[in-house]
Amino acid sequence: MIGNAPYSPYTDVPGWLETDEEDTLIEYAKTVPEGGVIVNVGVEFGRSMAAFVKYAPTATVYGIEINPLDAYSANLTEAANCRQFERQGDARSTEEETAQQSY
Ligand SMILES: C[S@@+](CC[C@H](N)C(=O)[O-])C[C@H]1O[C@@H](n2cnc3c(N)ncnc32)[C@H](O)[C@@H]1O
């Protein structure tokens, strides 16, 4: 996985989402009806996205990110729970992004 943030105990995807916040997202994900849709605004490394994919197993999960990075899709592809992944739009390379990150 790529990302200099704590890793999820549920999906192993890194992110700044706190684990108690992730617990709340997981509870919401479990309430999504069969074949439902989730829109995750602000994907970053993919931690919340991976939780939605894992705990809403029949949902279509859309992720929207204003500053997309190759790492996002690499993490989601690598996450064992990622059923099927398709990326649309442009992304900066991980090298470009790493060079610009200040944290
Ligand atoms: C705190 S991070 C998201 C954390 C992520 N959900 C996780 O679970 O680790 C916030 C993200 O939202 C993105 N963002 C901020 N404003 C946005 C917008 N208007 N549309 C889409 N993404 C946005 C930022 O680029 C950043 O990657």
# chains A, B, ... in the order shown; residues from 1 in each chain; ligands from 1

$ closest_atom_pairs --of "chain A" --to "ligand 1" --cutoff "7 Å" --atoms "only C-alpha atoms and all ligand atoms" --output "JSON lines"
{"residue": "A:Pro14", "atom": "CA", "partner": "ligand 1", "partner_atom_place_in_ligand_line": "9 (O)", "distance": 6.6}
{"residue": "A:Gly15", "atom": "CA", "partner": "ligand 1", "partner_atom_place_in_ligand_line": "9 (O)", "distance": 3.5}
{"residue": "A:Trp16", "atom": "CA", "partner": "ligand 1", "partner_atom_place_in_ligand_line": "9 (O)", "distance": 4.7}
{"residue": "A:Leu17", "atom": "CA", "partner": "ligand 1", "partner_atom_place_in_ligand_line": "9 (O)", "distance": 4.6}
{"residue": "A:Val41", "atom": "CA", "partner": "ligand 1", "partner_atom_place_in_ligand_line": "21 (C)", "distance": 5.2}
{"residue": "A:Gly42", "atom": "CA", "partner": "ligand 1", "partner_atom_place_in_ligand_line": "12 (O)", "distance": 3.2}
{"residue": "A:Val43", "atom": "CA", "partner": "ligand 1", "partner_atom_place_in_ligand_line": "6 (N)", "distance": 4.6}
{"residue": "A:Glu44", "atom": "CA", "partner": "ligand 1", "partner_atom_place_in_ligand_line": "27 (O)", "distance": 3.6}
{"residue": "A:Phe45", "atom": "CA", "partner": "ligand 1", "partner_atom_place_in_ligand_line": "9 (O)", "distance": 5.9}
{"residue": "A:Gly46", "atom": "CA", "partner": "ligand 1", "partner_atom_place_in_ligand_line": "7 (C)", "distance": 5.7}
{"residue": "A:Arg47", "atom": "CA", "partner": "ligand 1", "partner_atom_place_in_ligand_line": "8 (O)", "distance": 4.0}
{"residue": "A:Ser48", "atom": "CA", "partner": "ligand 1", "partner_atom_place_in_ligand_line": "8 (O)", "distance": 3.5}
{"residue": "A:Met49", "atom": "CA", "partner": "ligand 1", "partner_atom_place_in_ligand_line": "8 (O)", "distance": 6.5}
{"residue": "A:Ile64", "atom": "CA", "partner": "ligand 1", "partner_atom_place_in_ligand_line": "21 (C)", "distance": 5.2}
{"residue": "A:Glu65", "atom": "CA", "partner": "ligand 1", "partner_atom_place_in_ligand_line": "22 (N)", "distance": 3.8}
{"residue": "A:Ile66", "atom": "CA", "partner": "ligand 1", "partner_atom_place_in_ligand_line": "22 (N)", "distance": 4.0}
{"residue": "A:Asn67", "atom": "CA", "partner": "ligand 1", "partner_atom_place_in_ligand_line": "25 (O)", "distance": 4.7}

$ select_by_dssp --residues "range 30-63 of chain A" --states "alpha helix (DSSP H)" --output "JSON, numbers by chain"
{"A": [30, 47, 48, 49, 50, 51, 52, 53, 54, 55]}

$ closest_residue --among "A:Val61, A:Pro33, A:Asp23, A:Asp70" --to "Arg83 in chain A" --atoms "only C-alpha atoms"
A:Val61

$ select_by_dssp --residues "range 6-76 of chain A" --states "strand (DSSP E or B)" --output "MDAnalysis selection string"
chainID A and resid 7 14 37:41 60:64 69

$ write_last_selection --atoms "C-alpha atoms" --output "mmCIF file, in the first residue's frame"
data_model
loop_
_atom_site.group_PDB
_atom_site.id
_atom_site.type_symbol
_atom_site.label_atom_id
_atom_site.label_comp_id
_atom_site.auth_asym_id
_atom_site.auth_seq_id
_atom_site.Cartn_x
_atom_site.Cartn_y
_atom_site.Cartn_z
ATOM 1 C CA TYR A 7 -3.144 1.930 8.069
ATOM 2 C CA PRO A 14 -3.654 4.014 4.757
ATOM 3 C CA VAL A 37 -24.874 3.234 -4.423
ATOM 4 C CA ILE A 38 -22.326 5.047 -2.251
ATOM 5 C CA VAL A 39 -20.539 8.258 -3.286
ATOM 6 C CA ASN A 40 -17.288 8.874 -1.412
ATOM 7 C CA VAL A 41 -16.213 12.511 -1.855
ATOM 8 C CA THR A 60 -21.525 0.369 -6.445
ATOM 9 C CA VAL A 61 -19.066 2.735 -4.809
ATOM 10 C CA TYR A 62 -18.059 5.925 -6.617
ATOM 11 C CA GLY A 63 -15.039 7.857 -5.382
ATOM 12 C CA ILE A 64 -14.490 11.515 -6.283
ATOM 13 C CA LEU A 69 -2.928 10.413 -7.427
#

$ closest_residue --among "A:Ala29, A:Met1, A:Val13, A:Ala91" --to "Ala56 in chain A" --atoms "only C-alpha atoms"
A:Ala29

$ atom_distance --atom1 "CA of Gly89 in chain A" --atom2 "CA of Val32 in chain A"
26.7 Å

$ closest_residue --among "A:Glu18, A:Glu27, A:Glu86, A:Glu78" --to "Ala50 in chain A" --atoms "only C-alpha atoms"
A:Glu78

$ closest_residue --among "A:Thr11, A:Thr24, A:Thr19, A:Gln88" --to "Ala51 in chain A" --atoms "only C-alpha atoms"
A:Thr11
